[in-house]
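Source file: work02.cif. Holds: mmCIF, C-alpha atoms.
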data_query
loop_
_atom_site.label_atom_id
_atom_site.label_comp_id
_atom_site.auth_asym_id
_atom_site.auth_seq_id
_atom_site.Cartn_x
_atom_site.Cartn_y
_atom_site.Cartn_z
CA MET X 1 -1.90 -56.61 -44.34
CA ARG X 2 -2.00 -60.40 -44.17
CA GLN X 3 -3.46 -62.05 -41.08
CA SER X 4 -3.18 -65.61 -39.79
CA HIS X 5 -5.38 -67.99 -41.78
CA THR X 6 -5.36 -70.33 -38.77
CA ILE X 7 -6.81 -67.77 -36.38
CA SER X 8 -9.22 -66.43 -38.99
CA ALA X 9 -10.70 -69.93 -39.33
CA VAL X 10 -11.39 -70.21 -35.58
CA GLN X 11 -14.96 -69.46 -34.47
CA ALA X 12 -15.53 -66.03 -32.96
CA PRO X 13 -15.76 -66.13 -29.14
CA ILE X 14 -19.47 -66.12 -28.43
CA ILE X 15 -19.39 -64.62 -24.93
CA PRO X 16 -18.13 -61.18 -26.08
CA ILE X 17 -20.67 -61.15 -28.93
CA VAL X 18 -23.62 -61.87 -26.65
CA GLY X 19 -22.12 -59.56 -24.05
CA GLU X 20 -22.09 -56.66 -26.50
CA TRP X 21 -25.71 -57.30 -27.50
CA THR X 22 -26.59 -57.34 -23.79
CA ARG X 23 -24.78 -54.06 -23.10
CA ASN X 24 -26.57 -52.45 -26.04
CA ASN X 25 -29.89 -53.38 -24.45
CA PRO X 26 -29.89 -51.90 -20.92
CA ASN X 27 -31.62 -53.80 -18.10
CA THR X 28 -31.13 -57.14 -19.87
CA LEU X 29 -30.73 -59.99 -17.36
CA SER X 30 -28.12 -62.60 -18.24
CA LEU X 31 -28.72 -66.32 -18.24
CA GLY X 32 -25.64 -66.55 -20.41
CA GLN X 33 -22.13 -66.24 -19.02
CA GLY X 34 -20.97 -68.89 -16.57
CA MET X 35 -20.26 -67.15 -13.29
CA VAL X 36 -21.53 -67.39 -9.72
CA PHE X 37 -23.59 -64.80 -7.85
CA TYR X 38 -21.52 -64.84 -4.66
CA PRO X 39 -18.34 -62.82 -3.95
CA PRO X 40 -14.88 -64.11 -2.99
CA PRO X 41 -14.29 -65.12 0.63
CA PRO X 42 -13.14 -62.23 2.85
CA GLN X 43 -9.83 -64.02 3.46
CA ALA X 44 -8.96 -63.67 -0.24
CA LEU X 45 -9.57 -59.92 -0.15
CA GLU X 46 -7.58 -59.62 3.07
CA ALA X 47 -4.65 -61.41 1.44
CA ILE X 48 -4.66 -58.88 -1.40
CA ALA X 49 -4.78 -55.99 1.09
CA ARG X 50 -1.61 -57.32 2.73
CA PHE X 51 0.19 -57.72 -0.58
CA GLY X 52 3.01 -55.47 -1.79
CA SER X 53 4.97 -54.50 1.31
CA ARG X 54 7.93 -56.78 0.53
CA SER X 55 10.21 -56.05 -2.43
CA GLU X 56 10.29 -59.68 -3.58
CA GLN X 57 6.53 -59.53 -4.15
CA HIS X 58 7.21 -57.30 -7.15
CA GLN X 59 9.75 -59.63 -8.78
CA TYR X 60 9.35 -62.68 -11.00
CA SER X 61 8.40 -65.77 -9.03
CA SER X 62 8.44 -69.50 -9.70
CA ALA X 63 7.00 -70.60 -13.04
CA LEU X 64 5.24 -73.47 -11.25
CA GLY X 65 3.60 -71.25 -8.65
CA ASP X 66 3.95 -69.94 -5.11
CA LYS X 67 5.26 -72.53 -2.67
CA ARG X 68 2.44 -72.04 -0.15
CA LEU X 69 -0.23 -72.23 -2.84
CA LEU X 70 1.30 -75.42 -4.24
CA GLU X 71 1.25 -76.92 -0.73
CA LEU X 72 -2.43 -76.08 -0.35
CA ILE X 73 -3.21 -77.53 -3.78
CA ALA X 74 -1.35 -80.74 -2.95
CA GLU X 75 -3.30 -81.16 0.28
CA LYS X 76 -6.60 -80.40 -1.46
CA LEU X 77 -5.84 -82.95 -4.20
CA ARG X 78 -4.98 -85.59 -1.62
CA CYS X 79 -8.02 -85.07 0.59
CA GLU X 80 -10.72 -84.22 -1.94
CA ASN X 81 -9.65 -85.79 -5.25
CA HIS X 82 -7.66 -88.72 -3.82
CA ILE X 83 -4.72 -87.75 -6.03
CA ASN X 84 -1.28 -88.30 -4.52
CA LEU X 85 1.36 -86.18 -6.26
CA ALA X 86 4.02 -88.63 -5.11
CA ASP X 87 2.58 -91.13 -7.60
CA GLY X 88 4.26 -89.26 -10.46
CA TYR X 89 2.33 -86.01 -10.85
CA ARG X 90 3.41 -82.37 -10.77
CA VAL X 91 1.35 -79.18 -10.44
CA MET X 92 1.59 -75.87 -12.29
CA VAL X 93 -0.46 -72.77 -11.42
CA THR X 94 -1.86 -71.00 -14.48
CA ALA X 95 -3.94 -67.94 -15.32
CA GLY X 96 -7.15 -69.98 -15.29
CA ALA X 97 -8.04 -73.44 -16.56
CA ASN X 98 -8.30 -72.19 -20.16
CA MET X 99 -4.61 -71.32 -20.09
CA ALA X 100 -3.84 -74.68 -18.53
CA PHE X 101 -5.57 -76.39 -21.46
CA LEU X 102 -3.64 -74.38 -24.04
CA ASN X 103 -0.36 -75.02 -22.20
CA VAL X 104 -1.08 -78.74 -22.30
CA LEU X 105 -1.88 -78.69 -26.02
CA LEU X 106 1.43 -76.98 -26.74
CA ALA X 107 3.24 -79.60 -24.69
CA ILE X 108 1.64 -82.77 -26.09
CA THR X 109 0.53 -82.07 -29.68
CA ASP X 110 1.94 -81.25 -33.08
CA PRO X 111 0.06 -79.69 -36.01
CA GLU X 112 -2.54 -82.04 -37.58
CA ASP X 113 -2.81 -84.18 -34.44
CA GLU X 114 -6.40 -84.98 -33.41
CA VAL X 115 -8.06 -84.36 -30.06
CA ILE X 116 -11.38 -86.04 -29.26
CA LEU X 117 -14.10 -83.88 -27.70
CA PRO X 118 -17.41 -85.40 -26.56
CA SER X 119 -20.17 -83.18 -27.96
CA PRO X 120 -21.49 -80.76 -26.91
CA TYR X 121 -18.02 -79.46 -26.20
CA TYR X 122 -16.66 -76.43 -24.36
CA PHE X 123 -16.12 -73.92 -27.15
CA ASN X 124 -12.84 -72.46 -25.86
CA GLN X 125 -11.28 -75.93 -25.99
CA GLU X 126 -12.37 -76.44 -29.58
CA MET X 127 -10.97 -73.00 -30.40
CA ALA X 128 -7.63 -73.75 -28.69
CA ILE X 129 -7.25 -77.01 -30.63
CA LYS X 130 -7.77 -75.19 -33.93
CA MET X 131 -5.37 -72.43 -32.91
CA ARG X 132 -2.76 -75.17 -32.40
CA ASN X 133 -3.41 -76.30 -35.99
CA CYS X 134 -4.76 -79.55 -34.63
CA VAL X 135 -8.09 -81.17 -35.45
CA PRO X 136 -10.96 -81.27 -32.94
CA VAL X 137 -12.92 -84.50 -33.39
CA ALA X 138 -16.42 -84.15 -31.96
CA VAL X 139 -18.11 -87.40 -30.90
CA PRO X 140 -21.77 -87.65 -29.87
CA THR X 141 -23.01 -88.22 -26.34
CA ASP X 142 -26.31 -89.95 -25.53
CA SER X 143 -29.73 -88.36 -25.03
CA HIS X 144 -28.77 -87.41 -21.44
CA TYR X 145 -25.39 -86.01 -22.53
CA GLN X 146 -23.54 -88.97 -21.01
CA LEU X 147 -20.43 -90.41 -22.65
CA ARG X 148 -20.82 -92.92 -25.47
CA LEU X 149 -17.77 -95.13 -25.15
CA ASP X 150 -18.41 -96.81 -28.48
CA ALA X 151 -18.37 -93.46 -30.28
CA ILE X 152 -15.19 -92.37 -28.53
CA GLU X 153 -13.36 -95.59 -29.40
CA ALA X 154 -14.58 -95.47 -33.00
CA ALA X 155 -13.18 -91.95 -33.37
CA ILE X 156 -9.60 -92.91 -32.48
CA THR X 157 -7.13 -92.85 -35.38
CA GLU X 158 -3.37 -92.97 -35.71
CA LYS X 159 -3.42 -89.16 -35.40
CA THR X 160 -5.33 -89.08 -32.11
CA ARG X 161 -3.30 -87.57 -29.29
CA ALA X 162 -5.80 -87.07 -26.47
CA ILE X 163 -9.37 -87.54 -25.27
CA VAL X 164 -10.93 -84.67 -23.32
CA THR X 165 -13.64 -85.11 -20.69
CA VAL X 166 -15.33 -82.17 -18.97
CA SER X 167 -17.21 -83.26 -15.85
CA PRO X 168 -19.33 -81.68 -14.47
CA ASN X 169 -19.91 -80.56 -18.02
CA ASN X 170 -19.97 -77.20 -19.69
CA PRO X 171 -22.38 -76.69 -21.48
CA SER X 172 -24.74 -79.56 -20.62
CA GLY X 173 -24.40 -79.78 -16.84
CA ALA X 174 -23.99 -83.56 -17.10
CA VAL X 175 -21.88 -85.31 -14.46
CA TYR X 176 -20.17 -88.26 -16.12
CA ARG X 177 -20.49 -91.61 -14.41
CA GLU X 178 -17.38 -92.86 -12.59
CA ALA X 179 -17.49 -96.14 -14.51
CA ASP X 180 -17.46 -94.29 -17.84
CA LEU X 181 -14.57 -92.04 -16.82
CA ARG X 182 -12.63 -95.11 -15.71
CA ALA X 183 -13.38 -96.74 -19.07
CA VAL X 184 -12.13 -93.69 -21.00
CA ASN X 185 -9.01 -93.62 -18.85
CA ALA X 186 -8.38 -97.31 -19.49
CA LEU X 187 -8.86 -96.73 -23.22
CA CYS X 188 -6.26 -93.98 -23.12
CA ARG X 189 -3.82 -96.28 -21.36
CA GLU X 190 -4.39 -99.07 -23.89
CA ARG X 191 -4.09 -96.82 -26.95
CA GLY X 192 -1.23 -94.61 -25.75
CA LEU X 193 -3.29 -91.41 -25.47
CA TYR X 194 -3.53 -88.64 -22.92
CA HIS X 195 -6.72 -88.29 -20.92
CA ILE X 196 -7.32 -84.57 -20.29
CA CYS X 197 -9.85 -84.17 -17.47
CA ASP X 198 -11.41 -80.72 -17.07
CA GLU X 199 -12.74 -80.54 -13.51
CA ALA X 200 -13.40 -76.81 -13.20
CA TYR X 201 -16.92 -77.44 -11.81
CA GLU X 202 -15.94 -80.22 -9.41
CA TYR X 203 -17.86 -78.78 -6.44
CA PHE X 204 -21.07 -78.07 -8.33
CA VAL X 205 -23.05 -81.32 -8.11
CA TYR X 206 -26.65 -81.91 -7.00
CA GLY X 207 -28.91 -84.78 -6.08
CA GLN X 208 -27.28 -88.19 -6.37
CA ALA X 209 -24.45 -87.06 -8.67
CA ARG X 210 -20.87 -87.43 -7.46
CA HIS X 211 -17.69 -85.99 -8.91
CA PHE X 212 -14.82 -88.36 -9.77
CA SER X 213 -11.20 -87.52 -10.63
CA PRO X 214 -9.63 -90.00 -13.09
CA ALA X 215 -6.13 -89.03 -11.94
CA SER X 216 -6.91 -90.89 -8.71
CA ILE X 217 -6.90 -94.20 -10.60
CA ALA X 218 -3.92 -96.36 -9.68
CA GLY X 219 -1.23 -96.30 -12.37
CA ALA X 220 -2.83 -93.42 -14.32
CA SER X 221 -0.08 -90.87 -13.76
CA ASP X 222 1.76 -91.56 -17.03
CA TYR X 223 -1.04 -90.24 -19.24
CA THR X 224 -3.67 -88.41 -17.13
CA ILE X 225 -3.83 -84.61 -17.05
CA SER X 226 -6.30 -82.74 -14.81
CA LEU X 227 -7.40 -79.10 -15.10
CA TYR X 228 -8.83 -77.10 -12.20
CA SER X 229 -10.11 -73.57 -11.68
CA LEU X 230 -10.71 -71.35 -8.67
CA SER X 231 -12.89 -68.94 -10.68
CA LYS X 232 -16.25 -70.54 -10.00
CA ALA X 233 -15.85 -72.09 -6.55
CA TYR X 234 -14.42 -68.97 -4.94
CA GLY X 235 -16.28 -66.32 -6.92
CA PHE X 236 -13.33 -64.59 -8.57
CA ALA X 237 -13.61 -65.29 -12.27
CA SER X 238 -11.79 -62.07 -13.21
CA TRP X 239 -8.69 -62.94 -11.18
CA ARG X 240 -7.71 -65.85 -13.46
CA VAL X 241 -6.31 -68.55 -11.19
CA GLY X 242 -6.25 -72.21 -12.11
CA TYR X 243 -3.84 -75.12 -12.09
CA VAL X 244 -2.95 -78.26 -13.98
CA VAL X 245 -1.93 -81.66 -12.60
CA PHE X 246 0.27 -83.48 -15.10
CA PRO X 247 2.65 -86.43 -15.55
CA GLU X 248 6.14 -85.53 -14.36
CA PRO X 249 7.79 -86.28 -17.75
CA LEU X 250 5.88 -83.26 -19.18
CA LEU X 251 7.57 -80.88 -16.74
CA ALA X 252 10.31 -79.65 -19.07
CA SER X 253 7.90 -78.98 -21.93
CA LEU X 254 5.35 -77.21 -19.74
CA LEU X 255 8.06 -75.03 -18.21
CA LYS X 256 9.05 -73.91 -21.71
CA VAL X 257 5.45 -73.02 -22.50
CA GLN X 258 4.86 -71.25 -19.19
CA ASP X 259 8.09 -69.25 -19.40
CA THR X 260 7.26 -68.08 -22.91
CA ASN X 261 3.57 -67.43 -22.41
CA LEU X 262 3.25 -66.11 -18.85
CA ILE X 263 6.75 -66.29 -17.26
CA CYS X 264 5.11 -66.86 -13.89
CA PRO X 265 1.56 -66.80 -12.50
CA PRO X 266 0.64 -63.30 -11.21
CA LEU X 267 1.71 -63.26 -7.58
CA ILE X 268 -1.05 -61.01 -6.29
CA CYS X 269 -3.69 -63.40 -7.68
CA GLN X 270 -1.87 -66.32 -6.12
CA GLN X 271 -1.97 -64.57 -2.75
CA ALA X 272 -5.73 -64.21 -3.11
CA ALA X 273 -5.91 -67.90 -4.02
CA ILE X 274 -3.96 -68.77 -0.88
CA GLY X 275 -6.46 -66.86 1.22
CA ALA X 276 -9.35 -68.64 -0.48
CA MET X 277 -7.87 -72.12 -0.30
CA GLU X 278 -7.01 -71.73 3.36
CA VAL X 279 -10.77 -71.42 3.86
CA GLY X 280 -11.25 -74.35 1.50
CA ALA X 281 -14.15 -76.07 -0.21
CA ILE X 282 -16.45 -75.34 2.69
CA TYR X 283 -16.87 -71.83 1.28
CA CYS X 284 -18.28 -73.08 -2.02
CA GLN X 285 -20.28 -75.83 -0.35
CA ALA X 286 -22.02 -73.25 1.81
CA GLN X 287 -23.38 -71.64 -1.38
CA LEU X 288 -24.63 -74.88 -2.94
CA PRO X 289 -28.01 -75.07 -1.17
CA GLN X 290 -28.94 -71.67 -2.63
CA LEU X 291 -27.71 -72.74 -6.08
CA ALA X 292 -29.65 -76.00 -5.80
CA ALA X 293 -32.80 -74.04 -4.92
CA ILE X 294 -32.29 -71.75 -7.93
CA ARG X 295 -31.76 -74.82 -10.13
CA ALA X 296 -35.07 -76.27 -8.89
CA GLN X 297 -36.73 -72.91 -9.51
CA VAL X 298 -35.45 -72.82 -13.11
CA LEU X 299 -36.52 -76.41 -13.80
CA GLN X 300 -39.98 -75.74 -12.42
CA ARG X 301 -40.44 -72.67 -14.61
CA LEU X 302 -39.25 -74.55 -17.70
CA GLU X 303 -42.15 -76.96 -17.30
CA GLU X 304 -44.33 -74.08 -18.50
CA VAL X 305 -42.82 -74.40 -21.99
CA ARG X 306 -42.54 -78.17 -22.29
CA GLU X 307 -44.52 -77.99 -25.53
CA GLN X 308 -41.89 -75.72 -27.07
CA VAL X 309 -38.70 -76.97 -25.37
CA ASP X 310 -36.84 -80.24 -24.77
CA PHE X 311 -34.37 -80.31 -21.87
CA VAL X 312 -32.63 -82.73 -19.52
CA ALA X 313 -32.43 -81.99 -15.78
CA THR X 314 -28.70 -82.63 -15.49
CA GLU X 315 -27.05 -82.60 -12.07
CA GLY X 316 -23.86 -80.59 -12.36
CA ALA X 317 -22.26 -77.19 -12.86
CA PHE X 318 -24.95 -74.48 -13.22
CA TYR X 319 -25.98 -75.07 -16.82
CA LEU X 320 -28.96 -76.47 -18.67
CA LEU X 321 -29.31 -77.01 -22.41
CA LEU X 322 -32.64 -76.26 -24.06
CA LYS X 323 -33.64 -77.42 -27.53
CA ILE X 324 -36.30 -75.06 -28.87
CA ARG X 325 -38.88 -76.45 -31.31
CA THR X 326 -38.45 -73.80 -33.97
CA SER X 327 -36.98 -73.40 -37.44
CA GLN X 328 -35.06 -70.31 -36.35
CA GLN X 329 -31.27 -70.26 -36.03
CA ASP X 330 -30.13 -70.18 -32.41
CA LEU X 331 -28.00 -67.05 -32.87
CA ASP X 332 -31.03 -65.16 -34.23
CA PHE X 333 -33.16 -66.55 -31.40
CA VAL X 334 -30.70 -65.28 -28.77
CA LYS X 335 -30.51 -61.84 -30.37
CA ALA X 336 -34.30 -61.58 -30.39
CA LEU X 337 -34.49 -62.64 -26.73
CA ILE X 338 -32.10 -59.83 -25.83
CA GLU X 339 -33.61 -57.12 -27.99
CA ASP X 340 -37.29 -57.92 -27.45
CA PHE X 341 -37.42 -59.60 -24.03
CA GLN X 342 -34.31 -58.32 -22.20
CA VAL X 343 -32.90 -61.73 -21.28
CA SER X 344 -29.80 -63.41 -22.69
CA ALA X 345 -28.57 -66.97 -23.20
CA ILE X 346 -25.74 -68.58 -25.20
CA PRO X 347 -26.52 -70.22 -28.57
CA GLY X 348 -25.79 -73.91 -28.83
CA CYS X 349 -23.91 -73.58 -32.13
CA ALA X 350 -20.90 -72.36 -30.12
CA PHE X 351 -20.76 -75.80 -28.47
CA GLY X 352 -21.03 -77.79 -31.70
CA LEU X 353 -24.81 -78.29 -31.53
CA THR X 354 -26.01 -77.88 -35.11
CA ASP X 355 -29.07 -80.15 -35.34
CA GLY X 356 -31.54 -77.54 -34.10
CA CYS X 357 -31.98 -74.39 -32.05
CA TYR X 358 -30.22 -74.88 -28.71
CA LEU X 359 -29.69 -72.46 -25.84
CA ARG X 360 -27.34 -72.83 -22.88
CA LEU X 361 -28.76 -71.35 -19.70
CA SER X 362 -26.49 -70.40 -16.82
CA TYR X 363 -28.40 -70.03 -13.56
CA GLY X 364 -25.34 -69.37 -11.40
CA MET X 365 -24.84 -65.62 -11.65
CA LEU X 366 -28.26 -64.34 -10.53
CA ASN X 367 -29.92 -64.55 -7.13
CA ALA X 368 -33.35 -66.16 -6.75
CA GLU X 369 -35.26 -62.90 -7.18
CA LYS X 370 -33.49 -61.93 -10.40
CA VAL X 371 -33.65 -65.50 -11.74
CA GLU X 372 -37.43 -65.39 -11.36
CA ILE X 373 -37.61 -62.19 -13.41
CA ALA X 374 -35.18 -63.58 -16.01
CA MET X 375 -37.17 -66.82 -16.33
CA THR X 376 -40.43 -64.93 -16.75
CA ARG X 377 -38.85 -62.99 -19.62
CA LEU X 378 -37.31 -66.14 -21.12
CA ILE X 379 -40.59 -68.07 -21.04
CA ALA X 380 -42.44 -65.17 -22.64
CA GLY X 381 -39.75 -65.01 -25.33
CA ILE X 382 -39.85 -68.72 -26.03
CA LYS X 383 -43.64 -68.76 -26.30
CA GLN X 384 -43.60 -65.88 -28.75
CA LEU X 385 -40.46 -66.61 -30.78
CA ALA X 386 -40.97 -70.38 -31.09
CA LYS X 387 -44.07 -69.67 -33.17
CA ALA X 388 -41.86 -68.31 -35.94
#
Any chance you could give the structure as structure tokens?
Amino acid sequence: MRQSHTISAVQAPIIPIVGEWTRNNPNTLSLGQGMVFYPPPPQALEAIARFGSRSEQHQYSSALGDKRLLELIAEKLRCENHINLADGYRVMVTAGANMAFLNVLLAITDPEDEVILPSPYYFNQEMAIKMRNCVPVAVPTDSHYQLRLDAIEAAITEKTRAIVTVSPNNPSGAVYREADLRAVNALCRERGLYHICDEAYEYFVYGQARHFSPASIAGASDYTISLYSLSKAYGFASWRVGYVVFPEPLLASLLKVQDTNLICPPLICQQAAIGAMEVGAIYCQAQLPQLAAIRAQVLQRLEEVREQVDFVATEGAFYLLLKIRTSQQDLDFVKALIEDFQVSAIPGCAFGLTDGCYLRLSYGMLNAEKVEIAMTRLIAGIKQLAKA
């Protein structure tokens, strides 16, 4: 039977592929999937335990989200991101930031429109753009994975609909400079484009890096869209809770998409989110010193393979990109790491990196002891496999 040519042309999701290889090789340690090592706050679990006693909790709820959760989000945006919803923004709760991105694409694009993605890009966004029958336009970043404004502006055509920025970045870990994000936002205003800002890793910054939300810019509410996720900060990736901040004129379109795709955000997950957000960012921030120490541990170990690997010590999220000095394909390299050395990573080809053998390391999901074991295996694998 015939299948969709559009979907068939989309790249296969790399996480399940690497995950299956990992499961087929017991005792493999993962430096692949982007999750955190710590559990949800107790208040989130307590909120779930209290759920279900009232009949209305088993009925459809608001497409935009639970009233209490929306209040908490509004306060968080005001205090932490300096975004005032009264300036012309609305909020919609979604089943994760990935769904928020797809909802936005359905609301602002038509087939054959173009969406600019600084490269390396987040693979699920590139996949979503192709599923929409739009064209992802990858533009290069500099040697430290920072935005190249000249390349972004040069990529704009009459078909361009939006520019996407992901900061802190997945997969590079780069935190984009405030001045550059302001410049992209100004470019969007001048050229009549949407600026889609993915801020899922907003709390994960180290050293001198600082997160900046472009939606806080005065007068930006007509064209700025911001995506957020609770998965990483609160340690409940499987619960799928995120939200999107968007210009009010998009409300009718996004309600159509939400009603068709999800009807309403799952209420039990929203209750967990309420419990987590009542604790607030302090929960994630309490974990950051341990993550920062693990990051330093990983960077120190990578110095052992400087002759075989190029990397940049970026200051955000919990990712690092490695470029291995080898003629091997990155997918083959990852498979060999799993099968022969019992450690996994994600190949760079999934993120649009095709000029060599790249690996994305995620150091967020293992504690310091397991990271040390994983890095020992990775370094042994690089030293052996890079000879090929």
Margin query: Restricting the calculation to only C-alpha atoms: of X:Val298, X:Leu353, X:Ile346, X:Ile263, which residue gets closest to Ile14 of chain X?
Written below: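 Using only C-alpha atoms, Ile14 of chain X sits closest to X:Ile346.
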Near-Gln328 of chain X list (9 Å; all atoms listed in the file; drop same-chain fewer than 6 positions) as a PDB file with C-alpha atoms, in the frame of the given file:
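Here's the written file result-v3.pdb:
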ATOM      1  CA  GLY X 356     -31.540 -77.540 -34.100  1.00  0.00           C
ATOM      2  CA  CYS X 357     -31.980 -74.390 -32.050  1.00  0.00           C
ATOM      3  CA  LEU X 385     -40.460 -66.610 -30.780  1.00  0.00           C
ATOM      4  CA  ALA X 386     -40.970 -70.380 -31.090  1.00  0.00           C
ATOM      5  CA  ALA X 388     -41.860 -68.310 -35.940  1.00  0.00           C
TER       6      ALA X 388
END
Checklist line | Point-to-point distance in Å for atom CA of Ala74 of chain X and atom CA of Tyr194 of chain X | finding: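 These atoms are spaced 21.6 Å apart.
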Checklist line | Test item: the PyMOL selection byres ((chain X and resi 67) around 12) resolved as a list in words | finding: Ser61, Ser62, Ala63, Leu64, Gly65, Asp66, Arg68, Leu69, Leu70, Glu71, Leu72, Ile73, Ala74, Val91, Met92, Val93, Pro265, Leu267, Gln270, Gln271 and Ile274 of chain X
Next item on the list: Evaluate the PyMOL selection byres ((chain X and resi 137-153) around 9) and record the selected residues as an MDAnalysis selection string, following the chain and residue labels used in the document.
Entry: chainID X and resid 114:121 126 135:136 154:156 160 163 165 169 172:177 180:181 183:184 187 312:314 352
Checklist line | Surrounding residues of Asn27 of chain X excluding itself and chain neighbours under 6 positions, 10 Å, only C-alpha atoms, as a PyMOL selection string | finding: chain X and resi 338+342-343
Item checked: Result set of the PyMOL selection byres ((chain X and resi 251) around 10) on the coordinates above, as a ChimeraX atom specification -> /X:64,89-92,107,246-250,252-257
Next, the residues of the selection above should be written as an mmCIF file, keeping the file's coordinate frame with C-alpha atoms.
data_model
loop_
_atom_site.group_PDB
_atom_site.id
_atom_site.type_symbol
_atom_site.label_atom_id
_atom_site.label_comp_id
_atom_site.auth_asym_id
_atom_site.auth_seq_id
_atom_site.Cartn_x
_atom_site.Cartn_y
_atom_site.Cartn_z
ATOM 1 C CA LEU X 64 5.240 -73.470 -11.250
ATOM 2 C CA TYR X 89 2.330 -86.010 -10.850
ATOM 3 C CA ARG X 90 3.410 -82.370 -10.770
ATOM 4 C CA VAL X 91 1.350 -79.180 -10.440
ATOM 5 C CA MET X 92 1.590 -75.870 -12.290
ATOM 6 C CA ALA X 107 3.240 -79.600 -24.690
ATOM 7 C CA PHE X 246 0.270 -83.480 -15.100
ATOM 8 C CA PRO X 247 2.650 -86.430 -15.550
ATOM 9 C CA GLU X 248 6.140 -85.530 -14.360
ATOM 10 C CA PRO X 249 7.790 -86.280 -17.750
ATOM 11 C CA LEU X 250 5.880 -83.260 -19.180
ATOM 12 C CA ALA X 252 10.310 -79.650 -19.070
ATOM 13 C CA SER X 253 7.900 -78.980 -21.930
ATOM 14 C CA LEU X 254 5.350 -77.210 -19.740
ATOM 15 C CA LEU X 255 8.060 -75.030 -18.210
ATOM 16 C CA LYS X 256 9.050 -73.910 -21.710
ATOM 17 C CA VAL X 257 5.450 -73.020 -22.500
#
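Compared by their closest atoms to Cys134 of chain X, and using all atoms listed in the file, the residues X:Arg182, X:Met99, X:Val245, X:Thr6 rank with X:Thr6 nearest.
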Checklist line | Within 9 Å of Asp198 of chain X using only C-alpha atoms, minus same-chain residues under 2 positions, as number ranges by chain | finding: X: 97, 101, 164-169, 196, 200-202, 225-228
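With all atoms listed in the file taken into account, the protein and nucleic acid residues at most 12 Å from Tyr38 of chain X (excluding it and anything under 5 positions from it in its own chain) are Ser231, Lys232, Ala233, Tyr234, Gly235, Phe236, Ala237, Tyr283, Cys284, Gln285, Ala286, Gln287, Leu288, Gln290, Leu291, Gly364, Met365, Leu366 and Asn367 of chain X.
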Next item on the list: Mind checking which residues fall within 7 Å of segment 75-83 of chain X, counting only C-alpha atoms, ignoring those fewer than 4 positions away in the same chain, and posting them as a PyMOL selection string?
Entry: chain X and resi 71+213+215-216
Checklist line | Among listed residues X:Arg301, X:His195, X:Arg295, X:Lys159, nearest Gly316 of chain X (using all atoms listed in the file) | finding: X:Arg295
Next item on the list: Take atom CA of Gln297 of chain X and atom CA of Gln33 of chain X and report the distance between them in Å, one decimal.
Entry: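 Going from atom CA of Gln297 of chain X over to atom CA of Gln33 of chain X covers 18.7 Å.
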Next item on the list: Rank X:Ile15, X:Leu105, X:Ala336, X:Ala128 by their smallest atom-to-atom distance to Gly348 of chain X, using only C-alpha atoms, and report the top residue only.
Entry: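 The answer is X:Ile15, which sits nearest to Gly348 of chain X.
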